[in-house]
Amino acid sequence: MEQIIANGLYLGAQYALIALGLTLIFSLMNVLNFAHGQMYVFGGFVTYTVVVQFGLPFIVGLLASAAILAILGAAIEKFLFAPVVRRSKRDESTMLLAAGIAFFLDAVILLLFGEKQRGVPKVVNGVFNWDMRIIMPYDRILIGVLAILLIVAFIGFMNYSRAGRAMRALAQDRMAAQLMGVDVSRYSMLGFALGAMLAGLVGGLLVTITGVNLGMGGPTSIKAFLMIMIGGAGVISGAIAGGFILGMMESVGLTVLREYGDITYLVIFALLMVFLSIRPNGLMGKPWG
Amino acid sequence: MTTKALLAGAFLLVLLIVVPLAIGASGREDLYYTLTSVALLSIISAGVWITFYIGRINIGQGAYALMGGYVSAILVTAYGVSFWLTLPLAGIFCAAASILIGLPILRLRGVYFAMVTLVLTEVVRLLALALPITNGAKGIVSIPQPGGISLFGVTLLPDFATLTNPRLAFYIVSVILMALCFAGLYRLKNSRIGQLCQSLQQNEELASSIGVNITYLRVLAYAISSFLGGVGGAMFAAISQSIYPSSFTVADSVNFMLNCFLGGLSYVFGPILGTFVLYFGWDVLFQTGEFQLLIFSAILIALMLLLPNGLLSLRFSSKAKGAGR
C-alpha cells in the first residue's frame, strides 16, 4: 500500500508539471496545445544530447532544455499563433495550427535526433528501502523532489511576481487586463515560453528514468489532456490536482487490475466519461463560452 | 440551383467515367487505391464536418471508423452476413453507440468536447485490444471480398472475388457512396434542421430560448456524424481485407479534423477538397524521403497562416470583394 502511494506521488509530480504548462498556455491564449507532448520529447532529447554526447553535467542539460524550449515556445507564439489568432474567424483554427506544429516538431525531432530510444545514465545510484515497505531508487526520489520544487517555484512565480500577476490577470479577463495597461502580446509570449519550458524541463527530468523516443509525444499529449480535463482547463490548482489524481490512479490501477491485463487506462477513461457527465468542467474549471 | 446540380452531375460523371479511362490509358492502377481512399476518407471527414456545423470540434471520428470496421469485419467473418448488409449495420451500430456516448459528452463545449472526443479515440483502440471478440492486437485478417447481390435472379452487383479488377469496383462503389453522402449533406444543410443546426453553432442558449430542442438536435447531428464514420470504416476494412486496433488512431482522428479545416468549415464540399489536398500532398511528398513530414507540416502551417479560414474561402473572399466595389 505504501509503495503504491509513493509511486503515485512520484508519477503525479511529473504529470502535474506537464499539465501546468498545458493549462497555462490554454488559459492565456485559449489554445489547446497539441504539440505539448512533442515539446516534452524535444526537451528530453536536448538533455540527452548535452549530457551524453557533450559529456556535461546533468544540471547543465536540464538548463539547456529549459532555455531552448522557452525560446522555441516564444518563437512559436510570436510568429505562428499570434498572427493566426488575430486573423482567423474562428478560435478553433488555432487547433489546426497546433496540430501542424505537432507534426512539424515530430519531423524536426526525427531529423535531429533520430528514431532510437535514448536515455541518460542514472544521476544518483542506490535504492531507498524502508523495511521492504517502500522501495524506490534514489534517482526517482530526486526527480520527484525536483518536480515538486519546480511546481512550488511556478506557483510562487505566478502568485508573487509582477509577470505572474499580469498573466493571471490576462487569463481572467483579457480585455480588462489590456485596459489596465498589461502588455498583452508580450505576456502571451512569455506565458507560451513558460509553458513550453515546463514541458522541456519534465522531458529533461524524465529522460534519466524512462528515456525518450519519438513516439512518446502523442501519448504524452493525451495524458496531459486527461489531467486538465480532470482538474478543469485553465486553472493552475486544477492542473496540479489532475496530475496527482491521474498519477495515483495509474499507480493503483497497475497494481489492482494487473490480473485482468492491460486495462488500467480503459478503466480510467471510462471513469472520466462518467465524471465529466456529472461535472463537465472538471474539478475546478470555469465553464466554456 | 439547376446549374449547381448540373455541375455536381458533371463532376460525378468525370469521376465515374473519365478518371477510370484515364487511369486505364496511363496504366497507373495504383491511383485507384489512392482515389478510393480519398473518397472514403472524405465521407468520414464529412461526419466531422457535421459536428463542426453544430459548433463542436470532433477529434473522435477515428473511434467510430474503427468501430464500424470491426462491426462489419466481425459480422462478415464470424456470422457470414453479406458485406453489403453489414455496411448500413455498421453505420447504425455506430450511430446507436454515439447516442449513448453523446448524451453525456455533448453537454461539453469547445476545448472540453475536443479533448473528450480525442480520448474517445484512444478508448476504442484500447477496447479493441482488450475485448476477446476483436482478437486483440492481431486484429481480424483475411476478411472475404464482398459478395454479389442478386434480386429475382438478376445480378445487381457481381461477386467482388470473381472480378478481374476489384480495385475499379471498389473505386466506383466508394465514389457512389461519396456522392450519396455529400448529396445528403447538402440537402441536410439547406433543410430546416440544417438552419436549426446553424443556430446551435452561433448561440445555444439563444436557440434554446426560442424553442429549439438543442439536446435532440445535437445528438441527432452527432449520430449522423458517427453513422458516416462507421460506414467509411467498414468500407476501409473491406478494401484492405483486414482491421487492427491501430487501423484508426488518434493521428487519423486529427487528420479527419484537419481535412475539414483545410477545406473550410463553412462549405459542404470542404471535406472533399481538404481530404484530396492533404492525401495527395502527402503522397506527392513521398519522393522527398525523410523530409516528407517536415515539408508537409511546414506547408500545413503556412496554409494556416495565409488562409486561416480554409482553402475554399479563397474563391468566396475574392467574390465578396468584387461585390463590395
# chains A, B, ... in the order shown; residues from 1 in each chain; ligands from 1
>>> residues_around(residues="range 250-259 of chain B", least_positions_apart="6", cutoff="9 Å", atoms="only C-alpha atoms", output="PyMOL selection string")
(chain A and resi 95-96+99-100+218) or (chain B and resi 41-42+44-49+57-63+118-119+121-122+270-278)
>>> interface_residues(of="chain B", to="chain A", cutoff="8 Å", atoms="only C-alpha atoms", output="ChimeraX atom specification")
/B:57,104-105,107-112,115-116,118-120,123,126-127,130,254,258,261,290-291,293-294,297-298,300-301,304-305,308-309
>>> write_last_selection(atoms="N, CA and C atoms", output="mmCIF file, in the first residue's frame")
data_model
loop_
_atom_site.group_PDB
_atom_site.id
_atom_site.type_symbol
_atom_site.label_atom_id
_atom_site.label_comp_id
_atom_site.auth_asym_id
_atom_site.auth_seq_id
_atom_site.Cartn_x
_atom_site.Cartn_y
_atom_site.Cartn_z
ATOM 1 N N ILE B 57 -16.039 20.685 -31.858
ATOM 2 C CA ILE B 57 -14.825 20.216 -32.508
ATOM 3 C C ILE B 57 -14.693 18.728 -32.212
ATOM 4 N N PRO B 104 -24.170 12.215 -22.605
ATOM 5 C CA PRO B 104 -23.413 12.984 -21.603
ATOM 6 C C PRO B 104 -22.405 13.957 -22.202
ATOM 7 N N ILE B 105 -21.609 13.525 -23.197
ATOM 8 C CA ILE B 105 -20.467 14.374 -23.558
ATOM 9 C C ILE B 105 -20.865 15.551 -24.438
ATOM 10 N N ARG B 107 -22.863 17.688 -23.748
ATOM 11 C CA ARG B 107 -23.088 18.854 -22.883
ATOM 12 C C ARG B 107 -21.818 19.684 -22.787
ATOM 13 N N LEU B 108 -20.670 19.046 -23.100
ATOM 14 C CA LEU B 108 -19.403 19.780 -23.045
ATOM 15 C C LEU B 108 -19.273 20.651 -24.281
ATOM 16 N N ARG B 109 -18.470 21.706 -24.132
ATOM 17 C CA ARG B 109 -18.295 22.599 -25.272
ATOM 18 C C ARG B 109 -16.830 22.856 -25.538
ATOM 19 N N GLY B 110 -16.596 23.441 -26.694
ATOM 20 C CA GLY B 110 -15.265 23.939 -27.038
ATOM 21 C C GLY B 110 -14.169 22.922 -26.831
ATOM 22 N N VAL B 111 -13.145 23.367 -26.141
ATOM 23 C CA VAL B 111 -11.965 22.540 -25.970
ATOM 24 C C VAL B 111 -12.272 21.279 -25.160
ATOM 25 N N TYR B 112 -13.228 21.389 -24.225
ATOM 26 C CA TYR B 112 -13.540 20.212 -23.411
ATOM 27 C C TYR B 112 -14.077 19.085 -24.285
ATOM 28 N N MET B 115 -11.288 17.569 -26.321
ATOM 29 C CA MET B 115 -10.410 16.669 -25.571
ATOM 30 C C MET B 115 -11.095 15.335 -25.287
ATOM 31 N N VAL B 116 -12.389 15.398 -24.930
ATOM 32 C CA VAL B 116 -13.089 14.149 -24.622
ATOM 33 C C VAL B 116 -13.151 13.256 -25.851
ATOM 34 N N LEU B 118 -11.106 13.225 -28.322
ATOM 35 C CA LEU B 118 -9.762 12.718 -28.573
ATOM 36 C C LEU B 118 -9.506 11.486 -27.707
ATOM 37 N N VAL B 119 -9.909 11.598 -26.437
ATOM 38 C CA VAL B 119 -9.734 10.475 -25.518
ATOM 39 C C VAL B 119 -10.568 9.287 -25.982
ATOM 40 N N LEU B 120 -11.740 9.579 -26.542
ATOM 41 C CA LEU B 120 -12.621 8.508 -27.008
ATOM 42 C C LEU B 120 -11.928 7.633 -28.055
ATOM 43 N N VAL B 123 -9.872 5.314 -26.249
ATOM 44 C CA VAL B 123 -10.668 4.307 -25.538
ATOM 45 C C VAL B 123 -11.038 3.177 -26.484
ATOM 46 N N LEU B 126 -8.140 0.950 -27.221
ATOM 47 C CA LEU B 126 -7.829 0.080 -26.089
ATOM 48 C C LEU B 126 -8.876 -1.018 -25.956
ATOM 49 N N LEU B 127 -10.143 -0.655 -26.226
ATOM 50 C CA LEU B 127 -11.211 -1.665 -26.176
ATOM 51 C C LEU B 127 -10.954 -2.755 -27.207
ATOM 52 N N ALA B 130 -8.506 -5.035 -25.893
ATOM 53 C CA ALA B 130 -8.833 -5.804 -24.694
ATOM 54 C C ALA B 130 -9.943 -6.834 -24.916
ATOM 55 N N VAL B 254 -7.186 13.209 -35.820
ATOM 56 C CA VAL B 254 -6.720 14.582 -36.023
ATOM 57 C C VAL B 254 -6.747 14.912 -37.507
ATOM 58 N N LEU B 258 -8.412 17.896 -39.599
ATOM 59 C CA LEU B 258 -7.624 18.779 -40.471
ATOM 60 C C LEU B 258 -8.245 18.870 -41.850
ATOM 61 N N PHE B 261 -10.956 21.407 -41.687
ATOM 62 C CA PHE B 261 -10.396 22.743 -41.510
ATOM 63 C C PHE B 261 -9.837 23.255 -42.811
ATOM 64 N N GLU B 290 13.037 11.420 -46.173
ATOM 65 C CA GLU B 290 12.962 11.714 -44.747
ATOM 66 C C GLU B 290 12.414 13.110 -44.467
ATOM 67 N N PHE B 291 12.387 13.965 -45.498
ATOM 68 C CA PHE B 291 11.886 15.315 -45.265
ATOM 69 C C PHE B 291 10.382 15.400 -45.471
ATOM 70 N N LEU B 293 7.631 14.517 -43.802
ATOM 71 C CA LEU B 293 6.792 15.069 -42.735
ATOM 72 C C LEU B 293 7.120 16.534 -42.503
ATOM 73 N N LEU B 294 8.410 16.871 -42.616
ATOM 74 C CA LEU B 294 8.846 18.248 -42.369
ATOM 75 C C LEU B 294 8.192 19.200 -43.365
ATOM 76 N N SER B 297 4.277 19.313 -42.942
ATOM 77 C CA SER B 297 3.774 20.102 -41.819
ATOM 78 C C SER B 297 4.081 21.580 -42.021
ATOM 79 N N ALA B 298 5.213 21.863 -42.679
ATOM 80 C CA ALA B 298 5.534 23.271 -42.925
ATOM 81 C C ALA B 298 4.495 23.889 -43.847
ATOM 82 N N LEU B 300 1.432 22.895 -44.163
ATOM 83 C CA LEU B 300 0.203 22.980 -43.373
ATOM 84 C C LEU B 300 0.194 24.255 -42.546
ATOM 85 N N ILE B 301 1.328 24.536 -41.877
ATOM 86 C CA ILE B 301 1.422 25.725 -41.036
ATOM 87 C C ILE B 301 1.316 26.980 -41.900
ATOM 88 N N MET B 304 -2.146 27.685 -42.952
ATOM 89 C CA MET B 304 -2.925 28.207 -41.835
ATOM 90 C C MET B 304 -2.639 29.695 -41.627
ATOM 91 N N LEU B 305 -1.382 30.065 -41.868
ATOM 92 C CA LEU B 305 -1.018 31.470 -41.692
ATOM 93 C C LEU B 305 -1.630 32.329 -42.796
ATOM 94 N N PRO B 308 -6.392 31.397 -42.953
ATOM 95 C CA PRO B 308 -6.892 30.824 -41.699
ATOM 96 C C PRO B 308 -8.327 30.313 -41.806
ATOM 97 N N ASN B 309 -9.050 30.641 -42.856
ATOM 98 C CA ASN B 309 -10.446 30.222 -42.933
ATOM 99 C C ASN B 309 -10.695 29.138 -43.968
#
>>> select_by_dssp(residues="range 46-237 of chain B", states="strand (DSSP E or B)", output="list of chain:residue names")
B:Ile140, B:Ile149, B:Ser150, B:Leu151, B:Val154, B:Thr155, B:Leu156, B:Leu157
>>> select_by_dssp(residues="range 25-198 of chain B", states="alpha helix (DSSP H)", output="JSON, numbers by chain")
{"B": [25, 26, 30, 31, 32, 33, 34, 35, 36, 37, 38, 39, 40, 41, 42, 43, 44, 45, 46, 47, 48, 49, 50, 51, 52, 53, 61, 62, 63, 64, 65, 66, 67, 68, 69, 70, 71, 72, 73, 74, 75, 76, 77, 78, 79, 83, 84, 85, 86, 87, 88, 89, 90, 91, 92, 93, 94, 95, 96, 97, 98, 99, 100, 101, 102, 103, 104, 105, 110, 111, 112, 113, 114, 115, 116, 117, 118, 119, 120, 121, 122, 123, 124, 125, 126, 127, 128, 129, 130, 166, 167, 168, 169, 170, 171, 172, 173, 174, 175, 176, 177, 178, 179, 180, 181, 182, 183, 184, 185, 186, 187, 188, 189, 192, 193, 194, 195, 196, 197, 198]}
>>> atom_distance(atom1="CA of Gly229 in chain B", atom2="CA of Ala302 in chain B")
28.9 Å
